[in-house]
file my_file-v3.cif (mmCIF, C-alpha atoms; chains and numbers go by the auth columns)
data_target
loop_
_atom_site.group_PDB
_atom_site.id
_atom_site.type_symbol
_atom_site.label_atom_id
_atom_site.label_comp_id
_atom_site.label_asym_id
_atom_site.label_seq_id
_atom_site.Cartn_x
_atom_site.Cartn_y
_atom_site.Cartn_z
_atom_site.B_iso_or_equiv
_atom_site.auth_seq_id
_atom_site.auth_asym_id
ATOM 1 C CA MET A 1 -0.046 50.360 24.076 0.00 1 A
ATOM 2 C CA ARG A 2 0.608 47.228 22.094 0.00 2 A
ATOM 3 C CA VAL A 3 0.715 43.526 22.737 0.00 3 A
ATOM 4 C CA VAL A 4 4.182 42.000 23.191 0.00 4 A
ATOM 5 C CA ASP A 5 4.676 38.514 21.746 0.00 5 A
ATOM 6 C CA VAL A 6 6.404 35.877 23.822 0.00 6 A
ATOM 7 C CA ASN A 7 7.355 32.301 23.005 0.00 7 A
ATOM 8 C CA PRO A 8 7.935 30.633 26.370 0.00 8 A
ATOM 9 C CA ALA A 9 9.581 27.682 24.621 0.00 9 A
ATOM 10 C CA LEU A 10 12.564 29.865 23.629 0.00 10 A
ATOM 11 C CA ASP A 11 15.317 30.701 26.095 0.00 11 A
ATOM 12 C CA GLY A 12 15.342 34.378 27.030 0.00 12 A
ATOM 13 C CA SER A 13 11.976 35.140 25.441 0.00 13 A
ATOM 14 C CA LEU A 14 10.229 35.832 28.755 0.00 14 A
ATOM 15 C CA GLN A 15 12.901 38.285 29.877 0.00 15 A
ATOM 16 C CA HIS A 16 12.880 40.010 26.487 0.00 16 A
ATOM 17 C CA SER A 17 9.108 40.411 26.740 0.00 17 A
ATOM 18 C CA LEU A 18 9.320 41.733 30.301 0.00 18 A
ATOM 19 C CA ASP A 19 11.955 44.244 29.230 0.00 19 A
ATOM 20 C CA ALA A 20 9.674 45.432 26.412 0.00 20 A
ATOM 21 C CA ALA A 21 6.710 45.701 28.794 0.00 21 A
ATOM 22 C CA ALA A 22 8.816 47.595 31.336 0.00 22 A
ATOM 23 C CA GLY A 23 9.689 50.078 28.598 0.00 23 A
ATOM 24 C CA ASP A 24 5.954 50.736 28.145 0.00 24 A
ATOM 25 C CA ALA A 25 5.902 48.827 24.877 0.00 25 A
ATOM 26 C CA GLY A 26 2.874 46.939 26.131 0.00 26 A
ATOM 27 C CA ARG A 27 0.964 45.723 29.176 0.00 27 A
ATOM 28 C CA MET A 28 -0.290 42.553 27.529 0.00 28 A
ATOM 29 C CA LEU A 29 1.850 39.566 26.592 0.00 29 A
ATOM 30 C CA ARG A 30 0.619 37.269 23.800 0.00 30 A
ATOM 31 C CA ILE A 31 1.321 33.568 23.542 0.00 31 A
ATOM 32 C CA ARG A 32 0.604 31.385 20.514 0.00 32 A
ATOM 33 C CA PRO A 33 0.154 27.804 21.692 0.00 33 A
ATOM 34 C CA GLY A 34 -0.929 24.887 19.542 0.00 34 A
ATOM 35 C CA PRO A 35 0.065 23.487 16.160 0.00 35 A
ATOM 36 C CA SER A 36 -0.726 26.677 14.217 0.00 36 A
ATOM 37 C CA GLY A 37 1.245 28.755 16.702 0.00 37 A
ATOM 38 C CA ASP A 38 4.576 28.009 18.345 0.00 38 A
ATOM 39 C CA GLY A 39 3.781 24.331 18.951 0.00 39 A
ATOM 40 C CA TYR A 40 3.559 24.057 22.744 0.00 40 A
ATOM 41 C CA PRO A 41 0.448 23.075 24.714 0.00 41 A
ATOM 42 C CA LEU A 42 -1.483 25.460 26.977 0.00 42 A
ATOM 43 C CA VAL A 43 -0.521 23.811 30.261 0.00 43 A
ATOM 44 C CA GLU A 44 0.903 25.239 33.469 0.00 44 A
ATOM 45 C CA TRP A 45 4.045 23.100 33.587 0.00 45 A
ATOM 46 C CA VAL A 46 5.116 24.298 30.128 0.00 46 A
ATOM 47 C CA LEU A 47 4.258 27.985 30.546 0.00 47 A
ATOM 48 C CA SER A 48 5.397 28.556 34.125 0.00 48 A
ATOM 49 C CA PRO A 49 6.740 31.047 35.247 0.00 49 A
ATOM 50 C CA LEU A 50 5.036 33.187 32.576 0.00 50 A
ATOM 51 C CA PRO A 51 1.539 33.386 34.161 0.00 51 A
ATOM 52 C CA GLU A 52 2.939 33.952 37.644 0.00 52 A
ATOM 53 C CA THR A 53 5.188 36.691 36.280 0.00 53 A
ATOM 54 C CA CYS A 54 2.261 38.352 34.492 0.00 54 A
ATOM 55 C CA GLU A 55 0.289 38.372 37.745 0.00 55 A
ATOM 56 C CA ARG A 56 3.215 39.841 39.693 0.00 56 A
ATOM 57 C CA GLU A 57 4.061 42.480 37.052 0.00 57 A
ATOM 58 C CA ASN A 58 0.407 43.474 36.477 0.00 58 A
ATOM 59 C CA LEU A 59 0.400 42.277 32.866 0.00 59 A
ATOM 60 C CA GLY A 60 -2.428 40.618 30.988 0.00 60 A
ATOM 61 C CA LEU A 61 -2.025 37.490 28.883 0.00 61 A
ATOM 62 C CA ALA A 62 -3.475 37.085 25.389 0.00 62 A
ATOM 63 C CA ILE A 63 -3.900 33.555 24.029 0.00 63 A
ATOM 64 C CA ASP A 64 -3.907 33.295 20.234 0.00 64 A
ATOM 65 C CA TYR A 65 -4.411 29.933 18.531 0.00 65 A
ATOM 66 C CA ARG A 66 -3.728 31.528 15.127 0.00 66 A
ATOM 67 C CA GLY A 67 -6.937 30.372 13.466 0.00 67 A
ATOM 68 C CA ALA A 68 -6.842 26.806 14.747 0.00 68 A
ATOM 69 C CA GLY A 69 -9.768 25.322 16.638 0.00 69 A
ATOM 70 C CA ILE A 70 -9.754 26.406 20.261 0.00 70 A
ATOM 71 C CA PRO A 71 -9.268 23.576 22.766 0.00 71 A
ATOM 72 C CA TRP A 72 -11.817 24.922 25.253 0.00 72 A
ATOM 73 C CA GLU A 73 -11.005 22.399 27.966 0.00 73 A
ATOM 74 C CA ASP A 74 -7.369 23.546 27.974 0.00 74 A
ATOM 75 C CA VAL A 75 -8.310 27.251 27.896 0.00 75 A
ATOM 76 C CA VAL A 76 -10.759 26.957 30.802 0.00 76 A
ATOM 77 C CA ARG A 77 -8.422 24.797 32.884 0.00 77 A
ATOM 78 C CA PHE A 78 -5.516 27.208 32.313 0.00 78 A
ATOM 79 C CA SER A 79 -7.648 30.291 33.045 0.00 79 A
ATOM 80 C CA ARG A 80 -8.931 28.746 36.264 0.00 80 A
ATOM 81 C CA ALA A 81 -5.377 27.935 37.360 0.00 81 A
ATOM 82 C CA TYR A 82 -4.598 31.687 37.416 0.00 82 A
ATOM 83 C CA PRO A 83 -7.856 33.369 38.496 0.00 83 A
ATOM 84 C CA ALA A 84 -6.291 36.796 39.158 0.00 84 A
ATOM 85 C CA LEU A 85 -4.748 37.003 35.684 0.00 85 A
ATOM 86 C CA PRO A 86 -6.898 38.628 32.970 0.00 86 A
ATOM 87 C CA MET A 87 -6.642 36.447 29.844 0.00 87 A
ATOM 88 C CA VAL A 88 -7.817 37.562 26.424 0.00 88 A
ATOM 89 C CA LEU A 89 -8.712 34.729 24.063 0.00 89 A
ATOM 90 C CA VAL A 90 -8.204 35.680 20.427 0.00 90 A
ATOM 91 C CA GLY A 91 -10.240 34.069 17.646 0.00 91 A
ATOM 92 C CA ALA A 92 -13.270 32.575 19.403 0.00 92 A
ATOM 93 C CA SER A 93 -16.246 32.031 17.080 0.00 93 A
ATOM 94 C CA ILE A 94 -18.844 33.771 19.212 0.00 94 A
ATOM 95 C CA GLY A 95 -21.765 33.126 16.881 0.00 95 A
ATOM 96 C CA ARG A 96 -20.910 29.472 16.262 0.00 96 A
ATOM 97 C CA ASP A 97 -19.258 28.028 19.357 0.00 97 A
ATOM 98 C CA GLY A 98 -21.820 26.729 21.833 0.00 98 A
ATOM 99 C CA VAL A 99 -19.388 26.256 24.721 0.00 99 A
ATOM 100 C CA ILE A 100 -18.642 29.965 25.121 0.00 100 A
ATOM 101 C CA PRO A 101 -21.292 30.591 27.811 0.00 101 A
ATOM 102 C CA ALA A 102 -19.993 27.665 29.878 0.00 102 A
ATOM 103 C CA ALA A 103 -16.379 28.836 29.446 0.00 103 A
ATOM 104 C CA LEU A 104 -17.235 32.381 30.553 0.00 104 A
ATOM 105 C CA GLU A 105 -19.166 31.016 33.527 0.00 105 A
ATOM 106 C CA ALA A 106 -16.314 28.730 34.597 0.00 106 A
ATOM 107 C CA ALA A 107 -13.471 31.239 34.132 0.00 107 A
ATOM 108 C CA PRO A 108 -14.355 34.784 35.328 0.00 108 A
ATOM 109 C CA ASN A 109 -10.952 36.095 34.206 0.00 109 A
ATOM 110 C CA LEU A 110 -11.482 35.047 30.569 0.00 110 A
ATOM 111 C CA ILE A 111 -12.092 37.886 28.088 0.00 111 A
ATOM 112 C CA LEU A 112 -13.005 37.266 24.452 0.00 112 A
ATOM 113 C CA GLU A 113 -11.570 39.394 21.674 0.00 113 A
ATOM 114 C CA LEU A 114 -14.285 40.157 19.147 0.00 114 A
ATOM 115 C CA THR A 115 -13.783 39.467 15.465 0.00 115 A
ATOM 116 C CA SER A 116 -14.561 41.963 12.752 0.00 116 A
ATOM 117 C CA ALA A 117 -17.917 40.269 12.154 0.00 117 A
ATOM 118 C CA PRO A 118 -20.916 42.486 12.897 0.00 118 A
ATOM 119 C CA ALA A 119 -22.469 42.155 16.338 0.00 119 A
ATOM 120 C CA ASP A 120 -25.576 39.990 16.417 0.00 120 A
ATOM 121 C CA GLU A 121 -28.202 38.915 18.929 0.00 121 A
ATOM 122 C CA ARG A 122 -26.033 36.079 20.235 0.00 122 A
ATOM 123 C CA LEU A 123 -23.255 38.513 21.174 0.00 123 A
ATOM 124 C CA ALA A 124 -25.822 40.880 22.661 0.00 124 A
ATOM 125 C CA GLY A 125 -27.150 38.022 24.804 0.00 125 A
ATOM 126 C CA LEU A 126 -23.660 37.135 26.012 0.00 126 A
ATOM 127 C CA VAL A 127 -22.910 40.774 26.865 0.00 127 A
ATOM 128 C CA ALA A 128 -26.211 41.045 28.748 0.00 128 A
ATOM 129 C CA ARG A 129 -25.450 37.868 30.697 0.00 129 A
ATOM 130 C CA PHE A 130 -21.729 38.276 31.437 0.00 130 A
ATOM 131 C CA GLY A 131 -21.092 42.016 31.031 0.00 131 A
ATOM 132 C CA ALA A 132 -19.323 44.109 28.418 0.00 132 A
ATOM 133 C CA HIS A 133 -16.066 43.830 30.388 0.00 133 A
ATOM 134 C CA ARG A 134 -15.773 40.183 29.228 0.00 134 A
ATOM 135 C CA PHE A 135 -15.401 41.279 25.573 0.00 135 A
ATOM 136 C CA THR A 136 -12.935 43.547 23.807 0.00 136 A
ATOM 137 C CA ASP A 137 -12.347 44.794 20.291 0.00 137 A
ATOM 138 C CA SER A 138 -8.619 44.298 20.791 0.00 138 A
ATOM 139 C CA ALA A 139 -6.347 42.663 23.355 0.00 139 A
ATOM 140 C CA GLU A 140 -4.392 45.921 23.269 0.00 140 A
ATOM 141 C CA ALA A 141 -7.336 47.715 24.888 0.00 141 A
ATOM 142 C CA ILE A 142 -7.140 45.749 28.163 0.00 142 A
ATOM 143 C CA GLU A 143 -5.135 47.171 31.073 0.00 143 A
ATOM 144 C CA ALA A 144 -4.634 44.205 33.409 0.00 144 A
ATOM 145 C CA GLY A 145 -4.448 46.095 36.708 0.00 145 A
ATOM 146 C CA PRO A 146 -7.549 48.273 36.375 0.00 146 A
ATOM 147 C CA TRP A 147 -9.515 45.408 34.759 0.00 147 A
ATOM 148 C CA ARG A 148 -8.612 43.035 37.600 0.00 148 A
ATOM 149 C CA GLU A 149 -9.487 45.611 40.285 0.00 149 A
ATOM 150 C CA ALA A 150 -12.854 46.363 38.709 0.00 150 A
ATOM 151 C CA HIS A 151 -13.972 42.866 37.767 0.00 151 A
ATOM 152 C CA LEU A 152 -12.238 40.133 39.794 0.00 152 A
#

call {"tool": "encode", "arguments": {"input": "my_file-v3.cif", "output": "structure tokens"}}
result
Amino acid sequence: MRVVDVNPALDGSLQHSLDAAAGDAGRMLRIRPGPSGDGYPLVEWVLSPLPETCERENLGLAIDYRGAGIPWEDVVRFSRAYPALPMVLVGASIGRDGVIPAALEAAPNLILELTSAPADERLAGLVARFGAHRFTDSAEAIEAGPWREAHL
């Protein structure tokens, strides 16, 4: 399985992504909001009907800020707007970002993709507190349906 990229700001991109997912190309769609990505904000009125479609089609949604600072308020608000949709956040600085515990507490459907950095005691503490299911080595490893049934 692989992640299928979608730019909801382009006409036809959502349908193209759904067609790829239907052909078993992937069960996770990836968006790239923000200035380092495709330039749109992570807000419901811009991205709709993408999250609703992901929920209906049993797809997960990966959010990749492409190395830019993560706007945690936007990520948590967006995740909470779609509580049944597993969302994988790419690029979070687990060892350095102090808001991660609050974000995981506030948004039970938020999953953090781990970087290639070695695991440390901070990550171990987060896993002990929130569970290993809230972390993944790769967005490609998450199957939305089984994850949702087991953890939401």

call {"tool": "closest_residue", "arguments": {"input": "my_file-v3.cif", "among": "A:Ala132, A:Ala84, A:Leu42, A:Leu50", "to": "Gly12 (chain A)", "atoms": "all atoms listed in the file"}}
result
A:Leu50

call {"tool": "atom_distance", "arguments": {"input": "my_file-v3.cif", "atom1": "CA of Trp72 (chain A)", "atom2": "CA of Gly98 (chain A)"}}
result
10.7 Å

call {"tool": "closest_residue", "arguments": {"input": "my_file-v3.cif", "among": "A:Arg66, A:His16, A:His151, A:Arg2", "to": "Met28 (chain A)", "atoms": "all atoms listed in the file"}}
result
A:Arg2

call {"tool": "resolve_selection", "arguments": {"input": "my_file-v3.cif", "expression": "the PyMOL selection byres ((chain A and resi 32) around 6)", "output": "list in words"}}
result
Ile31, Pro33, Gly37, Asp38, Asp64 and Tyr65 of chain A

call {"tool": "resolve_selection", "arguments": {"input": "my_file-v3.cif", "expression": "the PyMOL selection byres ((chain A and resi 77) around 12)", "output": "JSON, numbers by chain"}}
result
{"A": [42, 43, 44, 71, 72, 73, 74, 75, 76, 78, 79, 80, 81, 82, 83, 103, 104, 106, 107, 108, 109, 110]}
